Amino acid sequence: MAGSTSRTVQDIFHTMEFGPAGTSSPDTAQAWLDHQDHSLGLFIDGRFVRPSDGRAQVQLELKGGVTCTIVCTAEAELSICTSSSVSAFKSWSALSCSQRAKVLLRLSGALVQHGQCLCELCDLSHAPCSAPSLIRLVQYYSSWAQLRDSLMPQWTPLGVVAVVLSDDCSFYSLMVKVLPALAMGNSVIVIPGRSTAPAALLFAQLFMGVGPPAGVLNVLTGNDITLGARVAQSESINYMSYSGNKQCASVVCRATAGVGVPVSVSVTVGSICPFVIFETADVDSAVDAVIEAAFKKNKEVRWQLFVQDSVVDSVVARLQLRLTSMKCVSVCADADRLQVDAAVQEAQQQGATLLQSCTAPPSGLQYPPTVLCGVAPSSPCVVTPPPGPLLPLMTFRSNAEAVTLGNHSPHGQAASIWTEDLTLALETAKSLSVGVVWVNSHSVSDPCLPLSGHKDSGTCTDGGQQGLYQFLRPSSSSSTPLPRSVPVSMDYTTFGGGAPLPIIPDQSDVSSSPQSFLQFVGGKACKSESGCSVAVRPPGGGGVLAYCPDGGRKDVRNAVEAALKVQPGWMKKSPSARAQTLYALAKGLESKRRDLAVSINSQTGVSMEEAEKEVELSVSRLNEWAAFCHQVQGGGALPLPQSGSALSLPEPLGVIGMLLPDRKPLLSTLTVLGAAVATGNAVVMVPSQSYPLPILTFIQVLQSSDLPAGLVNIITGNKDQLTAALANHSVIKAIWYWGSAQGCQYLQHTCTSPLKTLSLFCQKETEGPEGGLDWTRSEPTFMEELWRKAVQWKSVWIPTA
Amino acid sequence: MVRWRSETGPAAHILIRISKVRVNTQAVLKRAQQIQSMKTPKKQWQAAWLLKAVTCIDLTTLAGDDTPSNVHRLCLKAIQPVRYDLLKSMDMHDKGVTTGAVCVYPSRVADAVKTLKAANSSLPVASVATGFPAGQTPLETRLQEVRMAVDDGATEIDIVINRMLAITGQWEAMYDEICQFREACGDAHMKTILAIGELGTFTNVYKASLVSMMAGSDFIKTSTGKEAVNATYPVAIVMVRAIRDYFLSTGHKVGFKPAGGIRTAKESLVWLTLIKEELGNDWLCPHLFRLGASSLLADIERQVGPHTKKKHNKRESLIYHHLL
């Protein structure tokens, strides 16, 4: 600054430089921090709580040398907080929709007034957020609060929701979870990261100022992410939603495994996103956009640039021209700088060329924006991008290759594609496995645009109407699927590895030797890879009813391979074609009704009459799904405030692993099978270990059906062993599990890398065939909930002038 | 004066280049908004930038009632656009701060040349020609107009393209026509007016820009100032991108001149920012950037001054607001 004030008009006239950047001082945020004595308490039950026991506090280094401290939550405060949240939930959920909407509207008024302070605070904490976007969020969700009962009449709030963030997460990502949870009538406990703690505390204070029941929004701060796990252990938490980076996501998932709280994850930080420029693009605009996206200061995602061969020269020339006027960007720490240097050096050794505004200063925390040309998808700097202003550039030949390269990374958060060809844009948008596709634009976020991480980018949807359902449950389901439990200490590496149950040959009656069934893999009835079998006991134990194959890891592998081959084709079939196949399957089922009823009868011991009823219900369930598939699409156009077209599309997850319930073995199996297959998924199913016969009989129906071979696979055997095999298969996208609490804990702990969407239903062994979910229900929310579990959402944004 | 040369002849090349042009309207609009929302320079930076803007002005009078007397006043104003004492206070009095040129109708060229010669100034005289502003006169008379303006001493000619050819996509014919103008201009600089308000789409603007440059234009200019839509920032972004495109493929720098509706000092700063951002500092000089304006100078004068006494000066320089 000292040098800049001495610049004369004459100097500037020649250099035509920009003046020094104006720095707006964060006065209001400073004033608020001063008012809090720079030591921020916890926000519990509508007021700040500052512990007086002089325990260690966490020092936050804010911008410009400002500091403040936050408190580490102790057990006592934790329990006060949760009981406050529970009682607040009672009064908050008892309010009418319009009362809650009014509170949120008042909040938006408060944000208009105090938004600047909030944003300055965010800015000080290195997590900038714009006031208009926050106001828009609050207004959007106040309208959902108003409309909940009229548009989603059969749904009810979950209870106390914990929202956990990693240290590097943005304030906007926090609000995208907190506001819908509140709008639906839940009470919320926020466990912010370091960058969001001050703003979250101020936000809670502002919110309390507009008159909701005290305790509806509590904020607990702590030293690290493990506080989230401690909160989850509290009895009264009903659901936990996490946003932030992947490492902390895994920590949270593992730490909460087995406590009986469903946890969903949005990986909003650090995802690798493709930026694709086709030859039909407005190259100038695309280059401007990629520079803006890749080199902005606080970016949450990492971009990779893919350029079609025919325009790569003109893209590189423009990049070079634009880069020359760019200043160096600051890197966070010395360690980061070392990583950047190492990555660049390695890339250069492999033949990459650099586009830079200037050569990098030999050391220090400044680094010029750099484009790495001529790297490959396998280059280390592409696979694990170092934290710095680096943008790898790769080329592709055809449209199909662009999609392959774009889908190469394990992440699936977002993509930006550039072309003036609408057909190409929509085709590419469909084929990229990411949650949001921005056509001829980038980084557009709006609360009505659902963001749903595909692949390793998350297991839930935030934003839009779709994003509300993570905070709701059908009013009709009385019991929670996952009861509270205390995690048991278990060896996750040996789970399911026990010795097979010995088969005791029952030689007493040779004439009635039990039948040997086959499993169903890749469209063929076959034995297990191991060749072994296990015995199926009749109801009440004693004797052997039949033998079924003892499937294992290799059978799962074969099944997934087969499923993966046919699933893309099945997904692309028109809904009506899928519906016809399901109708035909139902017909096939009907023709075998007698055999199936007998198998149910002999397996579960229910009366023939009841068994026949179950088959009947199964047939009509399949018909229902076929009809559903025909008529219900979901999604549609979204009302974004900007001009353009936004689409929200439900897409199948891919291959789903299912460990089926004991109760109503045939009906339950066909209900979940119908949900998954109708939406375009392939399944690998493991029938109930105790009652597999009806499903094994059902294989005959599958064989004569026109479902593509491999779409539905059935493997029998030791449940734990197969659970482990499914959990460790990297291709399986989701697991639906009915089984022991221990199995639930194992899955929650194991399915973190890559992330799998888990639907866990703890079934108590004592329940027998009559406990748990009531599969004979037929109200619409029951079907809708299953349907929502079987799809993931994709948003496509096409801006127009 | 560099023209598009190639073995297969210009036509094939032009058509191939032109067919690949793609412009995404919303992305351009967004970029324009971004540039408009950038912070404009303050204090001495503002003063220096405004003086730069002054040196890039084509001080223009294009009215039916132009006479030798107001052209005379215009020329003297162009030679001394900012008060001497103000310039001196900024140490800029001996840096030759004049406007870029004066711009008049062909019939007034002789008057302007005479005045400037008498004042011993080498300031270029620009003349609009070729049936300005509509361009709807026979080619022969349009060519004749150019030749006569050059004969009278105009060193810069602002021609208008034949919009009919552009709108109907007859790019080869348009190329040929501009080439003939180029020839008629001789040594005079040729600025090609695209009349963007009448071209329909951004894509057409980009194509017309490319064709004009290939045919040898030294400048491309947004509009005549007589259409409904004149110089807008989005359209300027499209044109300067075409200039950048042409520079990248030929190495030849073509100038840019927005004209019509530019009235305030603030606008002139945005224009300079736009050029700096899109084309770089090389283009921030009268050889490659001109602002076509008649009333802009008065507003800049009001704003320029020792930055320390900004408010005081605003009022004072109002007195010096010359009647043009």
# chains A, B, ... in the order shown; residues from 1 in each chain; ligands from 1
>>> interface_residues(of="chain B", to="chain A", cutoff="6 Å", atoms="only C-alpha atoms", output="number ranges by chain")
B: 22-26, 41, 44-45, 48
>>> select_by_dssp(residues="stretch 10-49 of chain A", states="strand (DSSP E)", output="VMD selection string")
chain A and resid 39 to 40 42 to 44 47 to 49
>>> residues_around(residues="A:Ile225", least_positions_apart="2", cutoff="7 Å", atoms="only C-alpha atoms", output="PyMOL selection string")
chain A and resi 166+227-228+248
>>> residues_around(residues="A:Pro575", least_positions_apart="5", cutoff="9 Å", atoms="only C-alpha atoms", output="list of chain:residue names")
A:Gln580, A:Ala626, A:Cys629, A:His630, A:Gln631, A:Gln633, A:Ala678, A:Thr679, A:Gly680
>>> write_last_selection(atoms="C-alpha atoms", output="mmCIF file, in the first residue's frame")
data_model
loop_
_atom_site.group_PDB
_atom_site.id
_atom_site.type_symbol
_atom_site.label_atom_id
_atom_site.label_comp_id
_atom_site.auth_asym_id
_atom_site.auth_seq_id
_atom_site.Cartn_x
_atom_site.Cartn_y
_atom_site.Cartn_z
ATOM 1 C CA GLN A 580 -44.934 -54.129 -19.409
ATOM 2 C CA ALA A 626 -45.796 -51.560 -12.877
ATOM 3 C CA CYS A 629 -43.564 -46.955 -13.211
ATOM 4 C CA HIS A 630 -45.934 -46.066 -16.008
ATOM 5 C CA GLN A 631 -47.401 -42.978 -14.446
ATOM 6 C CA GLN A 633 -42.011 -39.700 -13.043
ATOM 7 C CA ALA A 678 -39.401 -50.190 -11.670
ATOM 8 C CA THR A 679 -37.070 -47.212 -11.187
ATOM 9 C CA GLY A 680 -34.383 -48.782 -13.361
#
>>> select_by_dssp(residues="stretch 311-435 of chain A", states="alpha helix (DSSP H)", output="ChimeraX atom specification")
/A:312-323,334-349,380-383,399-406,422-431
>>> write_last_selection(atoms="C-alpha atoms", output="PDB file, in the first residue's frame")
ATOM      1  CA  VAL A 312      -7.890 -27.292 -27.856  1.00  0.00           C
ATOM      2  CA  ASP A 313      -5.555 -24.833 -29.574  1.00  0.00           C
ATOM      3  CA  SER A 314      -7.982 -21.995 -29.415  1.00  0.00           C
ATOM      4  CA  VAL A 315      -8.830 -22.784 -25.795  1.00  0.00           C
ATOM      5  CA  VAL A 316      -5.157 -22.855 -24.816  1.00  0.00           C
ATOM      6  CA  ALA A 317      -4.449 -19.600 -26.671  1.00  0.00           C
ATOM      7  CA  ARG A 318      -7.281 -17.856 -24.867  1.00  0.00           C
ATOM      8  CA  LEU A 319      -6.350 -19.334 -21.511  1.00  0.00           C
ATOM      9  CA  GLN A 320      -2.807 -18.055 -21.964  1.00  0.00           C
ATOM     10  CA  LEU A 321      -4.088 -14.607 -22.858  1.00  0.00           C
ATOM     11  CA  ARG A 322      -6.448 -14.454 -19.897  1.00  0.00           C
ATOM     12  CA  LEU A 323      -3.928 -15.851 -17.432  1.00  0.00           C
ATOM     13  CA  ASP A 334       3.633 -24.056   3.740  1.00  0.00           C
ATOM     14  CA  ALA A 335       2.790 -27.736   3.547  1.00  0.00           C
ATOM     15  CA  ASP A 336       0.267 -26.980   0.804  1.00  0.00           C
ATOM     16  CA  ARG A 337       2.874 -25.069  -1.137  1.00  0.00           C
ATOM     17  CA  LEU A 338       5.239 -28.029  -0.967  1.00  0.00           C
ATOM     18  CA  GLN A 339       2.511 -30.322  -2.262  1.00  0.00           C
ATOM     19  CA  VAL A 340       1.788 -27.957  -5.138  1.00  0.00           C
ATOM     20  CA  ASP A 341       5.449 -27.748  -6.073  1.00  0.00           C
ATOM     21  CA  ALA A 342       5.837 -31.505  -5.942  1.00  0.00           C
ATOM     22  CA  ALA A 343       2.742 -32.094  -8.060  1.00  0.00           C
ATOM     23  CA  VAL A 344       3.750 -29.553 -10.686  1.00  0.00           C
ATOM     24  CA  GLN A 345       7.242 -30.950 -10.864  1.00  0.00           C
ATOM     25  CA  GLU A 346       5.975 -34.472 -11.232  1.00  0.00           C
ATOM     26  CA  ALA A 347       3.544 -33.426 -13.958  1.00  0.00           C
ATOM     27  CA  GLN A 348       6.325 -31.657 -15.829  1.00  0.00           C
ATOM     28  CA  GLN A 349       8.510 -34.726 -15.632  1.00  0.00           C
ATOM     29  CA  PRO A 380      -1.119 -38.066  -9.801  1.00  0.00           C
ATOM     30  CA  CYS A 381      -2.003 -34.361  -9.990  1.00  0.00           C
ATOM     31  CA  VAL A 382      -5.332 -35.348 -11.555  1.00  0.00           C
ATOM     32  CA  VAL A 383      -6.140 -38.218  -9.226  1.00  0.00           C
ATOM     33  CA  ASN A 399     -18.702 -36.939 -27.142  1.00  0.00           C
ATOM     34  CA  ALA A 400     -18.719 -40.437 -25.686  1.00  0.00           C
ATOM     35  CA  GLU A 401     -15.118 -40.060 -24.596  1.00  0.00           C
ATOM     36  CA  ALA A 402     -15.981 -36.791 -22.859  1.00  0.00           C
ATOM     37  CA  VAL A 403     -18.547 -38.625 -20.761  1.00  0.00           C
ATOM     38  CA  THR A 404     -16.122 -41.438 -19.940  1.00  0.00           C
ATOM     39  CA  LEU A 405     -13.464 -38.969 -18.818  1.00  0.00           C
ATOM     40  CA  GLY A 406     -15.984 -36.867 -16.930  1.00  0.00           C
ATOM     41  CA  LEU A 422     -28.968 -28.599 -27.078  1.00  0.00           C
ATOM     42  CA  THR A 423     -29.273 -32.275 -27.954  1.00  0.00           C
ATOM     43  CA  LEU A 424     -25.644 -32.906 -27.122  1.00  0.00           C
ATOM     44  CA  ALA A 425     -26.022 -30.958 -23.882  1.00  0.00           C
ATOM     45  CA  LEU A 426     -28.984 -33.000 -22.706  1.00  0.00           C
ATOM     46  CA  GLU A 427     -27.452 -36.305 -23.775  1.00  0.00           C
ATOM     47  CA  THR A 428     -24.247 -35.511 -21.935  1.00  0.00           C
ATOM     48  CA  ALA A 429     -26.146 -34.289 -18.902  1.00  0.00           C
ATOM     49  CA  LYS A 430     -27.966 -37.607 -18.767  1.00  0.00           C
ATOM     50  CA  SER A 431     -24.826 -39.699 -19.020  1.00  0.00           C
TER      51      SER A 431
END
>>> residues_around(residues="B:Val304", least_positions_apart="6", cutoff="8 Å", atoms="only C-alpha atoms", output="ChimeraX atom specification")
/B:46-47,50-51,86
>>> write_last_selection(atoms="C-alpha atoms", output="PDB file, in the first residue's frame")
ATOM      1  CA  GLN B  46      -9.615   7.863 -11.708  1.00  0.00           C
ATOM      2  CA  ALA B  47      -7.951  11.055 -12.957  1.00  0.00           C
ATOM      3  CA  LEU B  50     -10.331   9.717 -17.375  1.00  0.00           C
ATOM      4  CA  LEU B  51      -7.466  11.496 -19.141  1.00  0.00           C
ATOM      5  CA  LEU B  86      -5.988  21.304 -14.376  1.00  0.00           C
TER       6      LEU B  86
END
>>> residues_around(residues="B:Lys266", least_positions_apart="3", cutoff="12 Å", atoms="only C-alpha atoms", output="list in words")
Gln36, Ser37, Met38, Lys39, Thr40, Pro41, Lys42, Gln46, Ala47, Trp49, Leu50, Ala53, Ile262, Arg263, Leu269, Val270, Trp271, Leu272, Thr273, Leu296, Leu297, Asp299, Ile300, Glu301, Arg302, Gln303 and Val304 of chain B
>>> write_last_selection(atoms="C-alpha atoms", output="JSON list (two decimals), in the first residue's frame")
[["chain", "number", "residue", "atom", "x", "y", "z"],
["B", 36, "GLN", "CA", -19.97, -3.45, -15.01],
["B", 37, "SER", "CA", -19.90, -4.48, -11.37],
["B", 38, "MET", "CA", -16.11, -4.21, -11.13],
["B", 39, "LYS", "CA", -14.92, -1.36, -8.97],
["B", 40, "THR", "CA", -14.02, 1.70, -11.00],
["B", 41, "PRO", "CA", -10.72, 3.44, -10.19],
["B", 42, "LYS", "CA", -10.67, 6.13, -7.55],
["B", 46, "GLN", "CA", -9.62, 7.86, -11.71],
["B", 47, "ALA", "CA", -7.95, 11.05, -12.96],
["B", 49, "TRP", "CA", -8.06, 6.82, -16.48],
["B", 50, "LEU", "CA", -10.33, 9.72, -17.38],
["B", 53, "ALA", "CA", -10.47, 8.22, -22.01],
["B", 262, "ILE", "CA", -21.83, 7.17, -24.24],
["B", 263, "ARG", "CA", -22.36, 10.25, -22.13],
["B", 269, "LEU", "CA", -14.32, 4.10, -17.12],
["B", 270, "VAL", "CA", -16.37, 0.96, -17.63],
["B", 271, "TRP", "CA", -15.42, 0.97, -21.30],
["B", 272, "LEU", "CA", -11.73, 1.17, -20.44],
["B", 273, "THR", "CA", -12.16, -1.62, -17.89],
["B", 296, "LEU", "CA", -18.97, 12.71, -23.02],
["B", 297, "LEU", "CA", -16.08, 15.17, -22.86],
["B", 299, "ASP", "CA", -18.87, 15.18, -18.22],
["B", 300, "ILE", "CA", -15.31, 13.93, -18.00],
["B", 301, "GLU", "CA", -14.15, 17.50, -17.61],
["B", 302, "ARG", "CA", -16.44, 17.88, -14.66],
["B", 303, "GLN", "CA", -14.89, 14.83, -12.99],
["B", 304, "VAL", "CA", -11.23, 15.34, -13.83]]
>>> residues_around(residues="B:His287", least_positions_apart="4", cutoff="10 Å", atoms="only C-alpha atoms", output="VMD selection string")
chain B and resid 56 100 218 to 219 253 to 256 282 to 283
>>> write_last_selection(atoms="N, CA and C atoms", output="compact mmCIF listing (two decimals), in the first residue's frame")
# COMPACT_ATOMS: atom_id res chain seq x y z
N CYS B 56 -8.83 9.09 -26.12
CA CYS B 56 -9.42 8.09 -27.03
C CYS B 56 -10.74 8.57 -27.64
N GLY B 100 -8.75 11.88 -29.52
CA GLY B 100 -8.18 11.00 -30.54
C GLY B 100 -8.31 11.57 -31.93
N ASP B 218 -9.32 -1.21 -40.07
CA ASP B 218 -8.37 -0.90 -39.01
C ASP B 218 -9.08 -0.85 -37.66
N PHE B 219 -10.35 -0.53 -37.72
CA PHE B 219 -11.18 -0.48 -36.52
C PHE B 219 -12.51 -1.15 -36.84
N LYS B 253 -3.51 -6.61 -34.86
CA LYS B 253 -4.38 -5.97 -33.89
C LYS B 253 -5.33 -4.99 -34.57
N VAL B 254 -6.60 -5.25 -34.42
CA VAL B 254 -7.61 -4.36 -34.97
C VAL B 254 -8.21 -3.55 -33.82
N GLY B 255 -8.50 -2.27 -34.09
CA GLY B 255 -9.02 -1.41 -33.04
C GLY B 255 -10.51 -1.55 -32.84
N PHE B 256 -11.00 -0.95 -31.76
CA PHE B 256 -12.41 -1.04 -31.42
C PHE B 256 -12.95 0.34 -31.07
N ASP B 282 -2.56 -3.38 -24.17
CA ASP B 282 -2.12 -2.95 -25.50
C ASP B 282 -3.19 -2.15 -26.23
N TRP B 283 -4.42 -2.48 -25.95
CA TRP B 283 -5.51 -1.84 -26.68
C TRP B 283 -5.92 -0.50 -26.06
>>> closest_residue(among="A:Ser648, A:Ser87, A:Thr604, A:Ser528", to="A:Val796", atoms="only C-alpha atoms")
A:Ser648
